[in-house]
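Student: This structure is in structure tokens; I'll ask about it shortly.
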Amino acid sequence: MPPVHTGAPATMGASTPSSPEPLSPGRPGYRRMSLALFAAGLATFALLYSTQALLPAVSAGFGVTAGQASWTVSAATGALALFVLPLSALSERFGRTRMMTCSMVVAVGVGLLVPFAPSLEWLVALRAVQGAAIAGIPASAMAYLAEEVRPKALVGAIGLFVAGNSIGGMSGRIVTGWGAQGWGAQLWGWRGGLLAVGVMALVSAVAFLVLLPRARFFRPASLNPRAVGRTVAGHLRDPLLLRLYGIGALFMTVFGAVYTVIGYRLVEAPFSLGQGVVGSIFLVYLVGTASSAAAGQLVARAGRRGALYLAVTTTALGLLLSLADSLWLILPGLVLITAGFFAGHAVASAAVSRTAKTGRAQASALYQSAYYLGSSAGGTLGALAYHASGWAATVGIALLAVLGVVSITLYGSHAARAERRLPGAAVAAR
């Protein structure tokens, strides 16, 4: 395994024959970088949401409600939201690649222990530890890309990373779903599904460690808490970053609510689908892979706000279709929800990386924190709403979140018009 490099003296200014150039499509190292971060996204998201497709089986195995079982997802995403900022600060000192490597090793190790949890409480606790470990990967990966990739290629590179996230989320749910059905169900049930995901994540982690190019533009920063606090405070005073954080949180509220609850709906009448078939529903994540990878082209054609309007419209249409009691309408609804969510997430997260000129890891960490708090809130609120009033209540919560994204984006459009009218107030208007 090659050694992990965390820094280099070069900068991203004008290059000389002896200085490195930023990565871009067609240049040496770009393909390895893309494959490495794709593998990282696959492993982490397969682990992060590994229990989501199994929630009905977990409920039955431990004799708990949907709301209680949903904590096996919310504990992981909530811990990620809490730890992503401090771990991103450590990455500023010790390096993006070193932080991602340590996080990957711990997350995969815990993932191999999760299937042996003796009770729901132990399962939730282990999932929280796993989420805290995974927290070192997303923000560090975004900062790594912002530093190592040519600016014009950044949205596309982040789109590929997000595509790996979607493949990981899809494959993890499918593997757990089928692992908990048939022969696997007789021996291990949902535990067999979680073990299969742990092994898959282990293979992906090895690929990440072997392929990731060394960081060439990273410059270590001090761990001065006051300096970190000033950086974070500066990001939180930036109106554009705040809007992007809100958009990420609300998009993920929709996604968390829908995909935490959809399994319960499909295993019950009138559908009565098996656990493996329910897991296969997550094949619609392939649509998210395509929409996130195409986010760069979408922004180039429609602009950031235009891309966000298209994403929220697509998501809202999908939510309305999902209200039908027909799989032939629910499945297209899930396709639209997934496409809209991943496109919106790729656009917003890339905008954060481009907006932050300093403290990129902290800027990305704040986005990730808001994003996963939205996931935790959506999963828990969606499950409680479903338990109280059925799928329509879950969709109602998701539509409120969509309305929030629309409101923030409209406000951003108004602020942009004000900025054009008053050029001298550009910073305040953002």
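Please note that chains go A, B, ... in the order of the structure tokens, that every chain numbers its residues from 1, and that ligands are numbered from 1 in the order shown.
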What are the nearest atom pairs, with distances in Å to one decimal, for all residues of region 168-250 of chain A that come at most 9 Å from region 52-74 of chain A, using only C-alpha atoms, set out by chain and rising residue number as a tab-separated table?
Tutor:
```
residue	atom	partner	partner_atom	distance
A:Gly172	CA	A:Ala53	CA	8.7
A:Arg173	CA	A:Ala53	CA	5.3
A:Ile174	CA	A:Ala53	CA	7.8
A:Thr176	CA	A:Leu54	CA	6.8
A:Gly177	CA	A:Ala53	CA	6.1
A:Ala180	CA	A:Leu54	CA	7.7
A:Gly189	CA	A:Ala57	CA	7.9
A:Trp190	CA	A:Ala57	CA	6.4
A:Gly193	CA	A:Leu54	CA	8.3
A:Leu194	CA	A:Leu54	CA	9.0
```
Student: Grab the residues selected above and save them as a PDB file, in the first residue's frame with N, CA and C atoms.
Tutor:
```pdb
ATOM      1  N   GLY A 172     -25.600  -0.606  -0.943  1.00  0.00           N
ATOM      2  CA  GLY A 172     -25.729  -1.021   0.446  1.00  0.00           C
ATOM      3  C   GLY A 172     -27.131  -1.469   0.779  1.00  0.00           C
ATOM      4  N   ARG A 173     -28.118  -0.731   0.285  1.00  0.00           N
ATOM      5  CA  ARG A 173     -29.506  -1.091   0.562  1.00  0.00           C
ATOM      6  C   ARG A 173     -29.914  -2.377  -0.153  1.00  0.00           C
ATOM      7  N   ILE A 174     -29.433  -2.542  -1.397  1.00  0.00           N
ATOM      8  CA  ILE A 174     -29.771  -3.763  -2.139  1.00  0.00           C
ATOM      9  C   ILE A 174     -29.122  -4.981  -1.490  1.00  0.00           C
ATOM     10  N   THR A 176     -28.139  -5.376   1.637  1.00  0.00           N
ATOM     11  CA  THR A 176     -28.774  -5.704   2.916  1.00  0.00           C
ATOM     12  C   THR A 176     -30.156  -6.302   2.705  1.00  0.00           C
ATOM     13  N   GLY A 177     -30.891  -5.771   1.716  1.00  0.00           N
ATOM     14  CA  GLY A 177     -32.237  -6.278   1.470  1.00  0.00           C
ATOM     15  C   GLY A 177     -32.241  -7.753   1.098  1.00  0.00           C
ATOM     16  N   ALA A 180     -31.000 -10.215   3.801  1.00  0.00           N
ATOM     17  CA  ALA A 180     -31.937 -10.483   4.897  1.00  0.00           C
ATOM     18  C   ALA A 180     -33.126 -11.322   4.445  1.00  0.00           C
ATOM     19  N   GLY A 189     -30.808 -13.365   9.110  1.00  0.00           N
ATOM     20  CA  GLY A 189     -31.781 -12.292   8.988  1.00  0.00           C
ATOM     21  C   GLY A 189     -31.103 -10.991   8.590  1.00  0.00           C
ATOM     22  N   TRP A 190     -31.535  -9.884   9.214  1.00  0.00           N
ATOM     23  CA  TRP A 190     -30.975  -8.582   8.870  1.00  0.00           C
ATOM     24  C   TRP A 190     -29.498  -8.478   9.225  1.00  0.00           C
ATOM     25  N   GLY A 193     -27.348  -9.283   6.231  1.00  0.00           N
ATOM     26  CA  GLY A 193     -27.285  -8.171   5.295  1.00  0.00           C
ATOM     27  C   GLY A 193     -26.254  -7.140   5.704  1.00  0.00           C
ATOM     28  N   LEU A 194     -26.210  -6.811   7.001  1.00  0.00           N
ATOM     29  CA  LEU A 194     -25.238  -5.834   7.488  1.00  0.00           C
ATOM     30  C   LEU A 194     -23.812  -6.354   7.360  1.00  0.00           C
TER      31      LEU A 194
END
```
Student: Can you list, as a PyMOL selection string, all residues belonging to region 229-332 of chain A that DSSP tags as alpha helix (DSSP H)?
Tutor: chain A and resi 229-236+239-267+275-280+285-293+295-321+327-332
Student: Would you mind reading off the distance between CA of Gly303 (chain A) and CA of Phe341 (chain A), one decimal, in Å?
Tutor: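 Taking CA of Gly303 (chain A) as the start and CA of Phe341 (chain A) as the end point, the length is 17.0 Å.
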Student: Using only C-alpha atoms, which protein or nucleic acid residues come within 7 Å of region 23-35 of chain A? Drop anything in the same chain fewer than 5 positions from it, and give the result as a list in words.
Tutor: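 Selected residues are Glu148, Val149, Arg150, Ala153, Leu160, Leu211, Leu212 and Pro213 of chain A.
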Student: Please determine, counting only C-alpha atoms, which residue among A:Gly156, A:Leu403, A:Leu321, A:Glu147 has the shortest atom-to-atom distance to Glu21 (chain A).
Tutor: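 Of A:Gly156, A:Leu403, A:Leu321, A:Glu147, the one nearest Glu21 (chain A) is A:Glu147, counting only C-alpha atoms.
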Student: Using only C-alpha atoms, which protein or nucleic acid residues come within 10 Å of region 381-384 of chain A? Drop anything in the same chain fewer than 2 positions from it, and give the result as a ChimeraX atom specification.
Tutor: /A:65-71,253-262,264,375-379,386-391,393-398
Student: I'd like the neighbourhood of region 362-370 of chain A as a list in words, where a residue qualifies if any of its atoms comes within 6 Å (using only C-alpha atoms), though same-chain residues fewer than 2 positions away should be ignored.
Tutor: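 So, after excluding close chain neighbours, the residues are Ala81, Val84, Leu85, Ser88, Ala139, Tyr245, Ala249, Gly359, Arg360, Tyr372 and Leu373 of chain A.
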Student: Skipping near chain neighbours, those fewer than 2 positions away, what residues fall within 10 Å of Ala295 (chain A) using only C-alpha atoms, listed as a ChimeraX atom specification?
Tutor: /A:155-156,158-160,290-293,297-301,304,307,342-348,350
Student: Please, could you write that set of residues out with C-alpha atoms as an mmCIF file, in the first residue's frame?
Tutor:
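Result file result-v6.cif:
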```
data_model
loop_
_atom_site.group_PDB
_atom_site.id
_atom_site.type_symbol
_atom_site.label_atom_id
_atom_site.label_comp_id
_atom_site.auth_asym_id
_atom_site.auth_seq_id
_atom_site.Cartn_x
_atom_site.Cartn_y
_atom_site.Cartn_z
ATOM 1 C CA VAL A 155 -18.317 20.757 -10.226
ATOM 2 C CA GLY A 156 -17.780 17.707 -12.420
ATOM 3 C CA ILE A 158 -17.616 16.715 -7.014
ATOM 4 C CA GLY A 159 -20.455 15.318 -9.118
ATOM 5 C CA LEU A 160 -18.448 12.104 -9.573
ATOM 6 C CA ALA A 290 -26.488 10.250 -13.518
ATOM 7 C CA SER A 291 -28.085 13.497 -12.291
ATOM 8 C CA SER A 292 -25.249 14.315 -9.880
ATOM 9 C CA ALA A 293 -22.571 13.558 -12.481
ATOM 10 C CA GLN A 297 -23.412 20.714 -17.378
ATOM 11 C CA LEU A 298 -26.740 21.693 -15.840
ATOM 12 C CA VAL A 299 -25.167 24.660 -14.035
ATOM 13 C CA ALA A 300 -23.334 25.705 -17.210
ATOM 14 C CA ARG A 301 -26.621 25.850 -19.117
ATOM 15 C CA ARG A 304 -26.869 27.691 -10.203
ATOM 16 C CA ALA A 307 -30.432 24.248 -11.716
ATOM 17 C CA PHE A 342 -28.894 14.403 -6.120
ATOM 18 C CA ALA A 343 -28.805 17.209 -8.691
ATOM 19 C CA GLY A 344 -29.642 19.783 -6.016
ATOM 20 C CA HIS A 345 -27.083 18.353 -3.589
ATOM 21 C CA ALA A 346 -24.283 18.332 -6.188
ATOM 22 C CA VAL A 347 -25.023 21.937 -7.196
ATOM 23 C CA ALA A 348 -25.199 23.234 -3.616
ATOM 24 C CA ALA A 350 -20.011 22.504 -5.330
#
```
Student: Neighbouring residues of Leu87 (chain A) were defined as those with any atom within 10 Å, considering only C-alpha atoms; residues of the same chain fewer than 2 positions away were excluded. Please report them as a JSON list (two decimals) with C-alpha atoms, in the first residue's frame.
Tutor:
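Wrote result.json, looks like this:
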```
[["chain", "number", "residue", "atom", "x", "y", "z"],
["A", 80, "LEU", "CA", -21.78, 12.58, 11.47],
["A", 82, "LEU", "CA", -21.83, 16.67, 15.10],
["A", 83, "PHE", "CA", -18.32, 15.43, 14.31],
["A", 84, "VAL", "CA", -17.81, 16.66, 10.77],
["A", 85, "LEU", "CA", -16.69, 20.15, 11.85],
["A", 89, "ALA", "CA", -10.43, 21.18, 11.54],
["A", 90, "LEU", "CA", -8.05, 18.30, 12.22],
["A", 91, "SER", "CA", -7.75, 17.75, 8.46],
["A", 92, "GLU", "CA", -6.52, 21.34, 8.12],
["A", 99, "MET", "CA", -8.05, 12.16, 7.81],
["A", 100, "MET", "CA", -9.96, 10.24, 5.13],
["A", 103, "SER", "CA", -11.92, 7.66, 9.16],
["A", 132, "ALA", "CA", -18.76, 9.86, 13.90],
["A", 133, "ALA", "CA", -15.96, 8.01, 12.08],
["A", 134, "ILE", "CA", -17.51, 8.58, 8.66],
["A", 135, "ALA", "CA", -17.63, 12.33, 9.47],
["A", 136, "GLY", "CA", -13.95, 12.63, 8.58],
["A", 137, "ILE", "CA", -14.54, 11.75, 4.93],
["A", 139, "ALA", "CA", -15.75, 17.48, 4.19],
["A", 140, "SER", "CA", -12.13, 16.36, 3.76],
["A", 361, "ALA", "CA", -12.70, 22.25, 4.97],
["A", 362, "GLN", "CA", -14.70, 24.17, 7.59],
["A", 365, "ALA", "CA", -17.99, 20.69, 7.09]]
```
Student: Just the number, please: distance in Å from CA of Ser50 (chain A) to CA of Val175 (chain A), one decimal.
Tutor: 8.8 Å
Student: Which value, in Å to one decimal, gives the distance between CA of Leu37 (chain A) and CA of Pro151 (chain A)?
Tutor: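 The value is 17.5 Å.
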Student: Find the residue from A:Gly111, A:Gly404, A:Pro225, A:Gly279 that sits nearest to Met200 (chain A); use only C-alpha atoms when measuring.
Tutor: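 Of the candidates, the smallest distance to Met200 (chain A) is held by A:Gly111.
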